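Colleague: Have a look at this one before I ask anything.
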6 protein chains.
Amino acid sequence: MTTAIYPGSFDPITNGHLDIIERASKLFDRVVVAVLSNPAKSSLFTPEERVGLIERSVVGLPHVTADLFAGLLVDYCYRHDASVIIRGIRAVSDFEYEFQMALMNRRLRDEVETLFMMPQELYTYLSSRLVKEVFSLGGSVRGLVPDFVLEALTQKYPSRPNLEWVD
Amino acid sequence: MTTAIYPGSFDPITNGHLDIIERASKLFDRVVVAVLSNPAKSSLFTPEERVGLIERSVVGLPHVTADLFAGLLVDYCYRHDASVIIRGIRAVSDFEYEFQMALMNRRLRDEVETLFMMPQELYTYLSSRLVKEVFSLGGSVRGLVPDFVLEALTQKYPSRPNLEWVD
Amino acid sequence: MTTAIYPGSFDPITNGHLDIIERASKLFDRVVVAVLSNPAKSSLFTPEERVGLIERSVVGLPHVTADLFAGLLVDYCYRHDASVIIRGIRAVSDFEYEFQMALMNRRLRDEVETLFMMPQELYTYLSSRLVKEVFSLGGSVRGLVPDFVLEALTQKYPSRPNLEWVD
Amino acid sequence: MTTAIYPGSFDPITNGHLDIIERASKLFDRVVVAVLSNPAKSSLFTPEERVGLIERSVVGLPHVTADLFAGLLVDYCYRHDASVIIRGIRAVSDFEYEFQMALMNRRLRDEVETLFMMPQELYTYLSSRLVKEVFSLGGSVRGLVPDFVLEALTQKYPSRPNLEWVD
Amino acid sequence: MTTAIYPGSFDPITNGHLDIIERASKLFDRVVVAVLSNPAKSSLFTPEERVGLIERSVVGLPHVTADLFAGLLVDYCYRHDASVIIRGIRAVSDFEYEFQMALMNRRLRDEVETLFMMPQELYTYLSSRLVKEVFSLGGSVRGLVPDFVLEALTQKYPSRPNLEWVD
Amino acid sequence: MTTAIYPGSFDPITNGHLDIIERASKLFDRVVVAVLSNPAKSSLFTPEERVGLIERSVVGLPHVTADLFAGLLVDYCYRHDASVIIRGIRAVSDFEYEFQMALMNRRLRDEVETLFMMPQELYTYLSSRLVKEVFSLGGSVRGLVPDFVLEALTQKYPSRPNLEWVD
């Protein structure tokens with residue numbers, strides 16, 4: 001049985017993340033979406049809220065679960081008997097940083113393999129950071145995140161501007 | 001009539017920015033240099049000072065104006081009936097971020113087109129950040145910014161070092 | 001009046017090219033799609049066939065025409081009183097070559113400005129070369145080129161394989 | 001059961017390829033190393049010789065086989081009931097081309113997923129082309145290819161120079 | 001006599017830095033490893049500690065010294081009569097930033113030449129930041145830094161986790 | 001005494017190459033500009049003509065010579081007791097290929113170090129290939145190559161077009 005870990009901040013989960021999760025769930029026996037809980041880094045949603053939004057997003061995917069993690073990623077893999085780390089790559093600049101991390105992780109534990117996957121073209125410009133920035137300024141992110149993430153964002157930004165031309 | 005918006009921080013305007021502005025002013029009926037007013041981000045010059053320095057720089061260009069903006073860039077375009085966003089690109093790393101922003105902006109309002117322009121070769125290494133860093137340490141930035149920007153920088157860094165070999 | 005030249009091989013025109021042409025036609029008074037006629041380079045379609053396919057593609061765009069050119073691009077611009085060269089960029093590797101050409105063209109004639117435009121995300125993986133390769137091996141390129149280009153391709157590859165699973 | 005296809009020219013197989021194959025063989029039930037047989041492209045080894053060298057290289061890996069293929073890669077996947085394409089990436093320039101191919105393949109058959117894997121750092125500078133070029137000029141490629149590939153290269157280049165300082 | 005400056009943060013020095021220093025010491029008469037003392041930037045080791053760790057690392061290299069510097073790099077070169085700045089580059093993203101700095105430094109003082117050197121492949125994924133991050137989370141960095149740097153790190157992170165599988 | 005080899009095709013030498021040669025001549029005791037003589041590759045100038053044009057270009061630089069070479073670059077270094085290979089880099093795409101070659105050369109002979117140098121900004125768009133293409137189509141390359149290279153180009157392209165607007 002092959003377990004794959006898909007680590008990230010997921011602050012919040014987007015349809016680009018979901019696209020990767022669905023593709024991965026067809027290839028591996030178990031996929032764990034692992035939310036990095038980093039107290040030193042400020043975030044919009046708490047780690048628990050982020051896990052909750054992921055859990056709602058993967059309801060239809062039986063072998064996918066969400067979890068929190070802290071510490072070394074390869075240590076988390078060791079404890080969950082996972083042999084695969086999944087990373088989505090969208091751009092060249094992503095790629096170099098990801099490559100560096102993957103080589104370090106391989107050095108730390110050679111048993112764990114990092115696999116890179118591509119999101120759909122429509123999601124190449126998509127990131128959690130951009131979703132938050134656009135939404136907070138009044139722009140629409142419908143279609144870029146699940147509907148209940150849209151609701152969760154609305155609660156986080158109660159006073160966002162009301163632009164006349166936005167759908 | 002085609003209105004083009006050239007958005008940025010311009011903290012302060014450099015000769016690289018001016019090069020783009022002059023080239024754009026020949027192609028479009030109206031060019032608005034739009035200074036992003038972002039209270040969350042620290043800057044050397046206030047937004048108003050930045051607009052003032054741009055206004056002095058574009059005195060000879062009749063169809064160019066400077067303005068402040070906050071919020072979503074495509075919303076600013078909507079309110080000013082602008083169909084073009086202009087961005088200068090110097091390097092590959094610029095390009096990927098710009099591409100991502102442009103695709104998001106297109107998704108938000110398809111009527112607005114982002115056009116990328118190249119500065120002169122001499123300005124490829126030039127950025128407002130680098131100008132401030134070099135000037136504050138005593139280096140010369142003459143020729144990289146208009147003369148009155150040089151004066152404005154001198155007032156902001158009254159105690160910069162006096163290096164014997166600098167012009 | 002601003003005339004923009006959109007130069008290329010167009011062997012054959014794709015929906016990615018058409019996307020750029022439509023966007024450009026909204027910004028400039030006249031757009032000339034200029035097919036490079038280079039006898040030294042082998043091509044699937046003759047230059048005249050390529051111009052014909054472009055002409056059928058832009059029937060609905062009143063200010064867009066197709067033309068052949070040979071020689072220096074900036075010389076062609078001079079003879080057609082064009083002040084803008086349009087180039088589509090999809091990827092980082094495109095970008096560097098395009099940058100180099102644009103800087104050389106600016107050096108040759110500073111009056112001509114190169115503007116870079118982005119195609120839709122769906123066309124980021126699209127090139128004439130890839131269309132020909134995939135089609136000749138039996139793959140479907142429906143939706144990537146206009147329908148009459150599909151017919152023209154069928155005539156050029158009469159013996160392409162018939163794959164059972166292809167639409 | 002998951003079958004993964006690892007396609008390429010393998011002219012000849014290097015230790016960088018072998019590294020990817022070994023890693024992939026731990027993750028998937030079956031790995032097929034698929035040699036592209038392209039009569040239009042000149043090569044040092046015939047497709048059959050290349051398959052033979054791969055077969056000798058993977059003797060110790062029970063679920064790995066070598067094969068020839070021509071035509072569309074996703075069609076080959078369809079006929080072998082393979083749901084995964086594996087590609088090694090070493091550099092940014094690799095990445096963009098690979099991305100483009102992977103997006104086209106996904107468009108042709110969405111059931112097939114392309115996964116990108118990293119070779120060991122030591123093999124980042126390694127390519128079949130470079131191995132042939134260096135070997136033909138008298139340089140040593142020991143350690144970069146299996147020993148029997150070294151012998152096969154010696155037979156292909158009987159008159160390569162004998163450099164005094166080479167091991 | 002040619003003096004080369006190798007500037008950086010060195011927080012702390014890694015075997016990747018040392019590899020560059022050793023290579024540079026064979027090419028130039030004198031190499032000064034110059035630690036940037038930037039009070040505005042937080043660091044794990046004090047500038048003096050960093051100089052101390054470098055000094056212990058280069059004990060066997062007679063013409064290499066370590067020093068602190070603040071201010072403009074080319075001014076430091078002027079005061080030490082150095083005509084060469086050495087920079088290690090590992091990745092494309094490094095390269096663009098380095099290029100920009102080098103062009104600015106050349107503009108400030110044309111007498112100083114920036115030379116780019118490559119570290120060994122094994123160190124391409126290595127950075128001081130990554131060393132600190134991995135070590136603080138319990139991962140092993142043995143072989144990536146000199147042994148006494150390992151001891152110094154242990155003192156800085158007294159409560160790092162004790163992972164069962166780590167060497 | 002440090003000897004540096006600056007290898008390349010130099011078909012023909014440009015002012016970008018000369019800029020690198022002049023900078024290198026200040027840093028090393030001897031610089032050999034080594035023209036690769038590759039019978040398999042077509043060129044405009046014969047290898048001997050290329051050496052001749054370089055020799056005329058470096059008349060004022062006492063420690064610079066021009067030479068032909070064939071075979072492995074590090075073997076040429078060995079025979080000339082050279083410890084440095086110099087390469088100019090202009091762009092990210094240059095950089096990756098150069099990196100790959102440099103790592104292979106280091107593997108072949110670790111005693112030889114590859115140093116990367118930047119040309120002036122004005123020459124970032126410059127290549128021998130572009131010079132030939134532009135010149136053959138009637139464009140001016142004055143200022144991009146030495147004057148006697150301009151004459152040599154004129155003899156190679158006797159029937160180039162005479163454009164009215166070119167200087």
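Chain labels A, B, ... are given in the sequence in which chains occur in the structure tokens; within each chain residues are numbered consecutively from 1, and ligands are likewise numbered from 1 in the order shown.
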Write out as an mmCIF file with N, CA and C atoms, in the first residue's frame which residues come within 12 Å of Val33 of chain B when counting only C-alpha atoms, dropping same-chain ones fewer than 3 positions away.
Modeller:
```
data_model
loop_
_atom_site.group_PDB
_atom_site.id
_atom_site.type_symbol
_atom_site.label_atom_id
_atom_site.label_comp_id
_atom_site.auth_asym_id
_atom_site.auth_seq_id
_atom_site.Cartn_x
_atom_site.Cartn_y
_atom_site.Cartn_z
ATOM 1 N N THR B 3 -7.078 54.661 -22.950
ATOM 2 C CA THR B 3 -6.383 55.075 -21.736
ATOM 3 C C THR B 3 -5.592 53.884 -21.186
ATOM 4 N N ALA B 4 -4.324 54.134 -20.864
ATOM 5 C CA ALA B 4 -3.475 53.089 -20.301
ATOM 6 C C ALA B 4 -3.077 53.460 -18.877
ATOM 7 N N ILE B 5 -3.159 52.476 -17.992
ATOM 8 C CA ILE B 5 -2.742 52.672 -16.600
ATOM 9 C C ILE B 5 -1.365 52.037 -16.412
ATOM 10 N N TYR B 6 -0.453 52.766 -15.812
ATOM 11 C CA TYR B 6 0.867 52.213 -15.485
ATOM 12 C C TYR B 6 0.980 52.189 -13.961
ATOM 13 N N PRO B 7 0.639 51.067 -13.321
ATOM 14 C CA PRO B 7 0.586 51.027 -11.865
ATOM 15 C C PRO B 7 1.927 50.633 -11.248
ATOM 16 N N GLY B 8 2.128 51.005 -9.985
ATOM 17 C CA GLY B 8 3.364 50.625 -9.301
ATOM 18 C C GLY B 8 3.504 51.318 -7.966
ATOM 19 N N SER B 9 4.630 51.072 -7.307
ATOM 20 C CA SER B 9 4.912 51.728 -6.033
ATOM 21 C C SER B 9 5.645 53.052 -6.255
ATOM 22 N N PHE B 10 6.564 53.084 -7.203
ATOM 23 C CA PHE B 10 7.301 54.314 -7.540
ATOM 24 C C PHE B 10 7.860 54.991 -6.286
ATOM 25 N N ILE B 13 10.236 57.204 -8.224
ATOM 26 C CA ILE B 13 10.318 56.998 -9.674
ATOM 27 C C ILE B 13 11.789 56.999 -10.104
ATOM 28 N N HIS B 17 11.529 53.735 -15.013
ATOM 29 C CA HIS B 17 10.086 53.987 -15.099
ATOM 30 C C HIS B 17 9.792 55.047 -16.167
ATOM 31 N N LEU B 18 10.579 56.117 -16.135
ATOM 32 C CA LEU B 18 10.347 57.228 -17.062
ATOM 33 C C LEU B 18 10.487 56.779 -18.508
ATOM 34 N N ILE B 20 9.777 53.844 -19.712
ATOM 35 C CA ILE B 20 8.527 53.147 -20.061
ATOM 36 C C ILE B 20 7.398 54.153 -20.288
ATOM 37 N N ILE B 21 7.307 55.158 -19.406
ATOM 38 C CA ILE B 21 6.232 56.152 -19.516
ATOM 39 C C ILE B 21 6.313 56.892 -20.851
ATOM 40 N N GLU B 22 7.527 57.309 -21.226
ATOM 41 C CA GLU B 22 7.688 58.039 -22.488
ATOM 42 C C GLU B 22 7.292 57.180 -23.683
ATOM 43 N N ALA B 24 5.234 54.607 -23.678
ATOM 44 C CA ALA B 24 3.786 54.367 -23.640
ATOM 45 C C ALA B 24 3.011 55.603 -24.102
ATOM 46 N N SER B 25 3.538 56.796 -23.768
ATOM 47 C CA SER B 25 2.805 58.028 -24.105
ATOM 48 C C SER B 25 2.710 58.223 -25.620
ATOM 49 N N ARG B 30 -3.920 58.479 -23.555
ATOM 50 C CA ARG B 30 -3.769 58.986 -22.197
ATOM 51 C C ARG B 30 -3.051 57.918 -21.380
ATOM 52 N N LEU B 36 0.307 53.019 -6.087
ATOM 53 C CA LEU B 36 -0.429 52.185 -5.142
ATOM 54 C C LEU B 36 -0.227 52.725 -3.729
ATOM 55 N N ARG B 50 5.314 60.668 -3.651
ATOM 56 C CA ARG B 50 5.620 59.892 -4.854
ATOM 57 C C ARG B 50 4.866 60.430 -6.071
ATOM 58 N N VAL B 51 3.591 60.771 -5.862
ATOM 59 C CA VAL B 51 2.820 61.375 -6.955
ATOM 60 C C VAL B 51 3.474 62.690 -7.376
ATOM 61 N N GLY B 52 3.911 63.485 -6.386
ATOM 62 C CA GLY B 52 4.547 64.772 -6.697
ATOM 63 C C GLY B 52 5.806 64.601 -7.543
ATOM 64 N N LEU B 53 6.640 63.615 -7.197
ATOM 65 C CA LEU B 53 7.878 63.394 -7.959
ATOM 66 C C LEU B 53 7.567 62.930 -9.382
ATOM 67 N N ILE B 54 6.508 62.115 -9.520
ATOM 68 C CA ILE B 54 6.125 61.685 -10.873
ATOM 69 C C ILE B 54 5.635 62.885 -11.674
ATOM 70 N N GLU B 55 4.819 63.723 -11.035
ATOM 71 C CA GLU B 55 4.276 64.884 -11.764
ATOM 72 C C GLU B 55 5.401 65.786 -12.280
ATOM 73 N N SER B 57 8.315 64.756 -13.062
ATOM 74 C CA SER B 57 9.050 64.006 -14.087
ATOM 75 C C SER B 57 8.353 64.030 -15.447
ATOM 76 N N VAL B 58 7.013 64.154 -15.436
ATOM 77 C CA VAL B 58 6.278 64.021 -16.698
ATOM 78 C C VAL B 58 5.763 65.371 -17.211
ATOM 79 N N LEU B 61 5.314 65.765 -20.863
ATOM 80 C CA LEU B 61 4.504 64.760 -21.576
ATOM 81 C C LEU B 61 3.030 65.104 -21.373
ATOM 82 N N HIS B 63 -0.010 64.164 -22.224
ATOM 83 C CA HIS B 63 -1.151 63.281 -21.966
ATOM 84 C C HIS B 63 -0.897 62.308 -20.821
ATOM 85 N N VAL B 64 0.129 62.613 -20.017
ATOM 86 C CA VAL B 64 0.466 61.733 -18.897
ATOM 87 C C VAL B 64 0.103 62.425 -17.584
ATOM 88 N N THR B 65 -0.599 61.719 -16.710
ATOM 89 C CA THR B 65 -0.905 62.260 -15.388
ATOM 90 C C THR B 65 -0.510 61.249 -14.326
ATOM 91 N N ALA B 66 -0.433 61.713 -13.079
ATOM 92 C CA ALA B 66 -0.123 60.825 -11.958
ATOM 93 C C ALA B 66 -1.308 60.815 -11.016
ATOM 94 N N ASP B 67 -1.496 59.699 -10.338
ATOM 95 C CA ASP B 67 -2.671 59.571 -9.479
ATOM 96 C C ASP B 67 -2.358 58.556 -8.375
ATOM 97 N N LEU B 68 -3.156 58.589 -7.318
ATOM 98 C CA LEU B 68 -3.079 57.583 -6.254
ATOM 99 C C LEU B 68 -4.147 56.537 -6.500
ATOM 100 N N PHE B 69 -3.874 55.274 -6.142
ATOM 101 C CA PHE B 69 -4.990 54.330 -6.125
ATOM 102 C C PHE B 69 -4.828 53.342 -4.994
ATOM 103 N N TYR B 76 -9.948 50.090 -10.523
ATOM 104 C CA TYR B 76 -9.431 51.417 -10.859
ATOM 105 C C TYR B 76 -9.535 51.643 -12.370
ATOM 106 N N CYS B 77 -9.194 50.624 -13.155
ATOM 107 C CA CYS B 77 -9.311 50.728 -14.617
ATOM 108 C C CYS B 77 -10.763 50.979 -15.023
ATOM 109 N N ALA B 82 -10.252 52.710 -18.534
ATOM 110 C CA ALA B 82 -8.959 52.342 -19.124
ATOM 111 C C ALA B 82 -9.013 50.900 -19.610
ATOM 112 N N ILE B 85 -3.438 47.932 -19.197
ATOM 113 C CA ILE B 85 -2.501 48.014 -18.071
ATOM 114 C C ILE B 85 -1.105 47.821 -18.644
ATOM 115 N N ILE B 86 -0.188 48.686 -18.294
ATOM 116 C CA ILE B 86 1.186 48.578 -18.793
ATOM 117 C C ILE B 86 2.094 48.099 -17.668
ATOM 118 N N ARG B 87 2.930 47.140 -18.000
ATOM 119 C CA ARG B 87 3.917 46.672 -17.019
ATOM 120 C C ARG B 87 5.275 46.582 -17.698
#
```
Colleague: Considering only C-alpha atoms, tabulate each residue of chain B that lies at most 9 Å from chain E along with its nearest interatomic pair and the corresponding distance in Å to one decimal; arrange the rows by chain and ascending residue number and present them as a tab-separated table.
Modeller:
```
residue	atom	partner	partner_atom	distance
B:Ala91	CA	E:Glu96	CA	7.1
B:Val92	CA	E:Glu96	CA	7.7
B:Ser93	CA	E:Ser93	CA	7.1
B:Thr124	CA	E:Gln100	CA	7.6
B:Tyr125	CA	E:Gln100	CA	4.6
B:Leu126	CA	E:Gln100	CA	7.6
B:Leu130	CA	E:Met104	CA	8.5
B:Glu133	CA	E:Leu72	CA	9.0
B:Val134	CA	E:Leu72	CA	7.1
B:Ser136	CA	E:Gly71	CA	8.9
B:Leu137	CA	E:Gly71	CA	5.4
B:Gly138	CA	E:Leu72	CA	7.3
B:Gly139	CA	E:Leu108	CA	6.9
B:Ser140	CA	E:Leu108	CA	6.9
B:Val141	CA	E:Leu108	CA	8.4
B:Pro161	CA	E:Gly71	CA	8.6
B:Leu163	CA	E:Asp75	CA	7.6
B:Trp165	CA	E:Asp75	CA	8.3
B:Val166	CA	E:Leu108	CA	8.1
```
Colleague: Work out how far atom CA of Pro119 of chain E is from atom CA of Asp19 of chain E, in Å to one decimal.
Modeller: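 Interatomic distance, atom CA of Asp19 of chain E to atom CA of Pro119 of chain E: 6.3 Å.
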Colleague: Tell me which protein, DNA and RNA residues are within 7 Å of Phe45 of chain E, counting only C-alpha atoms, leaving out same-chain ones fewer than 2 positions away, and put them as number ranges by chain.
Modeller: E: 11-12, 43, 47, 49-50
Colleague: Output the selection as a PDB file, in the first residue's frame - N, CA, C and O atoms for each residue.
Modeller:
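The resulting result.pdb:
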```
ATOM      1  N   ASP E  11      25.614  32.679   7.740  1.00  0.00           N
ATOM      2  CA  ASP E  11      24.930  32.533   9.034  1.00  0.00           C
ATOM      3  C   ASP E  11      24.316  31.142   9.172  1.00  0.00           C
ATOM      4  O   ASP E  11      23.094  31.026   9.132  1.00  0.00           O
ATOM      5  N   PRO E  12      25.133  30.070   9.323  1.00  0.00           N
ATOM      6  CA  PRO E  12      26.594  30.007   9.398  1.00  0.00           C
ATOM      7  C   PRO E  12      27.183  29.558   8.071  1.00  0.00           C
ATOM      8  O   PRO E  12      26.448  29.243   7.131  1.00  0.00           O
ATOM      9  N   SER E  43      19.702  37.521  12.756  1.00  0.00           N
ATOM     10  CA  SER E  43      20.530  36.382  12.364  1.00  0.00           C
ATOM     11  C   SER E  43      20.677  35.441  13.554  1.00  0.00           C
ATOM     12  O   SER E  43      20.428  35.817  14.694  1.00  0.00           O
ATOM     13  N   PRO E  47      27.628  38.638  13.993  1.00  0.00           N
ATOM     14  CA  PRO E  47      28.658  38.787  12.950  1.00  0.00           C
ATOM     15  C   PRO E  47      30.014  38.275  13.433  1.00  0.00           C
ATOM     16  O   PRO E  47      30.722  37.610  12.691  1.00  0.00           O
ATOM     17  N   GLU E  49      30.638  35.944  15.710  1.00  0.00           N
ATOM     18  CA  GLU E  49      30.618  34.475  15.729  1.00  0.00           C
ATOM     19  C   GLU E  49      30.789  33.908  14.318  1.00  0.00           C
ATOM     20  O   GLU E  49      31.496  32.919  14.107  1.00  0.00           O
ATOM     21  N   ARG E  50      30.144  34.560  13.363  1.00  0.00           N
ATOM     22  CA  ARG E  50      30.242  34.072  11.976  1.00  0.00           C
ATOM     23  C   ARG E  50      31.669  34.187  11.452  1.00  0.00           C
ATOM     24  O   ARG E  50      32.170  33.257  10.806  1.00  0.00           O
TER      25      ARG E  50
END
```
Colleague: Looking only at the backbone, which of the residues in segment 68-117 of chain A does DSSP tag as helix (DSSP H, G or I), as a ChimeraX atom specification?
Modeller: /A:73-79,92-108
Colleague: Please return, as a JSON list (two decimals) with N, CA, C and O atoms, in the first residue's frame, all residues of chain C that DSSP assigns to strand (DSSP E) on the basis of the backbone.
Modeller:
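Here's the written file selection-v2.json:
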```json
[["chain", "number", "residue", "atom", "x", "y", "z"],
["C", 3, "THR", "N", -0.75, 51.47, -36.31],
["C", 3, "THR", "CA", -0.74, 50.18, -36.98],
["C", 3, "THR", "C", 0.19, 49.24, -36.21],
["C", 3, "THR", "O", 1.30, 49.62, -35.85],
["C", 4, "ALA", "N", -0.33, 48.03, -35.94],
["C", 4, "ALA", "CA", 0.48, 47.04, -35.23],
["C", 4, "ALA", "C", 0.74, 45.84, -36.14],
["C", 4, "ALA", "O", -0.17, 45.39, -36.85],
["C", 5, "ILE", "N", 1.97, 45.37, -36.13],
["C", 5, "ILE", "CA", 2.35, 44.19, -36.91],
["C", 5, "ILE", "C", 2.45, 43.00, -35.96],
["C", 5, "ILE", "O", 3.08, 43.10, -34.91],
["C", 6, "TYR", "N", 1.83, 41.90, -36.34],
["C", 6, "TYR", "CA", 1.95, 40.67, -35.55],
["C", 6, "TYR", "C", 2.67, 39.64, -36.43],
["C", 6, "TYR", "O", 2.05, 38.98, -37.24],
["C", 7, "PRO", "N", 3.99, 39.54, -36.30],
["C", 7, "PRO", "CA", 4.76, 38.69, -37.21],
["C", 7, "PRO", "C", 4.88, 37.26, -36.68],
["C", 7, "PRO", "O", 4.77, 37.01, -35.49],
["C", 8, "GLY", "N", 5.12, 36.32, -37.61],
["C", 8, "GLY", "CA", 5.31, 34.93, -37.19],
["C", 8, "GLY", "C", 5.36, 33.99, -38.38],
["C", 8, "GLY", "O", 5.28, 34.43, -39.53],
["C", 30, "ARG", "N", -5.22, 49.29, -36.73],
["C", 30, "ARG", "CA", -5.01, 48.34, -37.81],
["C", 30, "ARG", "C", -4.04, 47.29, -37.31],
["C", 30, "ARG", "O", -3.04, 47.63, -36.66],
["C", 31, "VAL", "N", -4.32, 46.02, -37.58],
["C", 31, "VAL", "CA", -3.40, 44.94, -37.22],
["C", 31, "VAL", "C", -3.06, 44.17, -38.49],
["C", 31, "VAL", "O", -3.96, 43.72, -39.20],
["C", 32, "VAL", "N", -1.78, 44.03, -38.78],
["C", 32, "VAL", "CA", -1.34, 43.25, -39.93],
["C", 32, "VAL", "C", -0.66, 41.98, -39.42],
["C", 32, "VAL", "O", 0.34, 42.05, -38.71],
["C", 33, "VAL", "N", -1.26, 40.83, -39.75],
["C", 33, "VAL", "CA", -0.65, 39.55, -39.40],
["C", 33, "VAL", "C", 0.35, 39.22, -40.50],
["C", 33, "VAL", "O", -0.04, 38.99, -41.65],
["C", 34, "ALA", "N", 1.64, 39.24, -40.19],
["C", 34, "ALA", "CA", 2.68, 39.19, -41.21],
["C", 34, "ALA", "C", 3.38, 37.83, -41.19],
["C", 34, "ALA", "O", 4.09, 37.50, -40.24],
["C", 35, "VAL", "N", 3.17, 37.07, -42.25],
["C", 35, "VAL", "CA", 3.75, 35.72, -42.36],
["C", 35, "VAL", "C", 5.16, 35.82, -42.92],
["C", 35, "VAL", "O", 5.36, 36.33, -44.02],
["C", 36, "LEU", "N", 6.12, 35.33, -42.14],
["C", 36, "LEU", "CA", 7.51, 35.35, -42.59],
["C", 36, "LEU", "C", 7.70, 34.32, -43.70],
["C", 36, "LEU", "O", 7.46, 33.12, -43.50],
["C", 64, "VAL", "N", -8.24, 43.87, -39.46],
["C", 64, "VAL", "CA", -7.11, 42.94, -39.44],
["C", 64, "VAL", "C", -6.89, 42.41, -40.86],
["C", 64, "VAL", "O", -7.84, 41.98, -41.52],
["C", 65, "THR", "N", -5.65, 42.45, -41.32],
["C", 65, "THR", "CA", -5.32, 41.88, -42.62],
["C", 65, "THR", "C", -4.13, 40.93, -42.47],
["C", 65, "THR", "O", -3.44, 40.95, -41.45],
["C", 66, "ALA", "N", -3.92, 40.09, -43.49],
["C", 66, "ALA", "CA", -2.78, 39.18, -43.49],
["C", 66, "ALA", "C", -1.88, 39.54, -44.65],
["C", 66, "ALA", "O", -2.35, 40.03, -45.68],
["C", 67, "ASP", "N", -0.60, 39.28, -44.49],
["C", 67, "ASP", "CA", 0.36, 39.68, -45.52],
["C", 67, "ASP", "C", 1.58, 38.77, -45.43],
["C", 67, "ASP", "O", 1.81, 38.12, -44.42],
["C", 68, "LEU", "N", 2.36, 38.75, -46.50],
["C", 68, "LEU", "CA", 3.66, 38.06, -46.50],
["C", 68, "LEU", "C", 4.75, 39.08, -46.23],
["C", 68, "LEU", "O", 4.63, 40.22, -46.64],
["C", 69, "PHE", "N", 5.82, 38.64, -45.56],
["C", 69, "PHE", "CA", 6.98, 39.53, -45.54],
["C", 69, "PHE", "C", 8.26, 38.71, -45.56],
["C", 69, "PHE", "O", 8.30, 37.55, -45.16],
["C", 84, "VAL", "N", 4.11, 49.58, -33.88],
["C", 84, "VAL", "CA", 4.01, 48.56, -32.84],
["C", 84, "VAL", "C", 4.27, 47.17, -33.43],
["C", 84, "VAL", "O", 3.73, 46.85, -34.49],
["C", 85, "ILE", "N", 5.08, 46.39, -32.74],
["C", 85, "ILE", "CA", 5.23, 44.96, -33.04],
["C", 85, "ILE", "C", 4.59, 44.21, -31.87],
["C", 85, "ILE", "O", 4.87, 44.53, -30.71],
["C", 86, "ILE", "N", 3.75, 43.25, -32.18],
["C", 86, "ILE", "CA", 3.09, 42.46, -31.12],
["C", 86, "ILE", "C", 3.68, 41.07, -31.08],
["C", 86, "ILE", "O", 3.86, 40.43, -32.11],
["C", 87, "ARG", "N", 3.99, 40.62, -29.89],
["C", 87, "ARG", "CA", 4.47, 39.25, -29.73],
["C", 87, "ARG", "C", 3.72, 38.59, -28.58],
["C", 87, "ARG", "O", 3.52, 39.20, -27.53],
["C", 88, "GLY", "N", 3.27, 37.37, -28.80],
["C", 88, "GLY", "CA", 2.66, 36.60, -27.72],
["C", 88, "GLY", "C", 3.74, 35.88, -26.95],
["C", 88, "GLY", "O", 4.69, 35.38, -27.54],
["C", 113, "GLU", "N", 7.93, 50.04, -31.29],
["C", 113, "GLU", "CA", 7.88, 49.52, -29.93],
["C", 113, "GLU", "C", 7.36, 48.08, -29.96],
["C", 113, "GLU", "O", 6.34, 47.80, -30.60],
["C", 114, "THR", "N", 8.02, 47.17, -29.24],
["C", 114, "THR", "CA", 7.51, 45.80, -29.15],
["C", 114, "THR", "C", 6.65, 45.67, -27.90],
["C", 114, "THR", "O", 7.08, 46.03, -26.80],
["C", 115, "LEU", "N", 5.44, 45.17, -28.07],
["C", 115, "LEU", "CA", 4.55, 44.93, -26.93],
["C", 115, "LEU", "C", 4.31, 43.44, -26.81],
["C", 115, "LEU", "O", 4.05, 42.76, -27.79],
["C", 116, "PHE", "N", 4.40, 42.93, -25.58],
["C", 116, "PHE", "CA", 4.19, 41.52, -25.34],
["C", 116, "PHE", "C", 2.80, 41.29, -24.77],
["C", 116, "PHE", "O", 2.37, 41.99, -23.86],
["C", 117, "MET", "N", 2.09, 40.29, -25.34],
["C", 117, "MET", "CA", 0.75, 39.97, -24.87],
["C", 117, "MET", "C", 0.68, 38.50, -24.46],
["C", 117, "MET", "O", 1.40, 37.66, -24.98]]
```
Colleague: So the first atom is atom CA of Tyr157 of chain D and the second is atom CA of Arg56 of chain D; what is the distance between them in Å, to one decimal place?
Modeller: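 Rounded to one decimal, the two atoms are 20.8 Å apart.
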Colleague: Kindly give the distance, in Å, that separates atom CA of Lys156 of chain A and atom CA of Pro39 of chain A, rounded to a single decimal.
Modeller: 19.1 Å
Colleague: Name all residues at most 8 Å from Asn15 of chain C (count only C-alpha atoms; drop same-chain ones fewer than 6 positions away) and give them as JSON, numbers by chain.
Modeller: {"C": [123, 143, 144, 145, 146]}
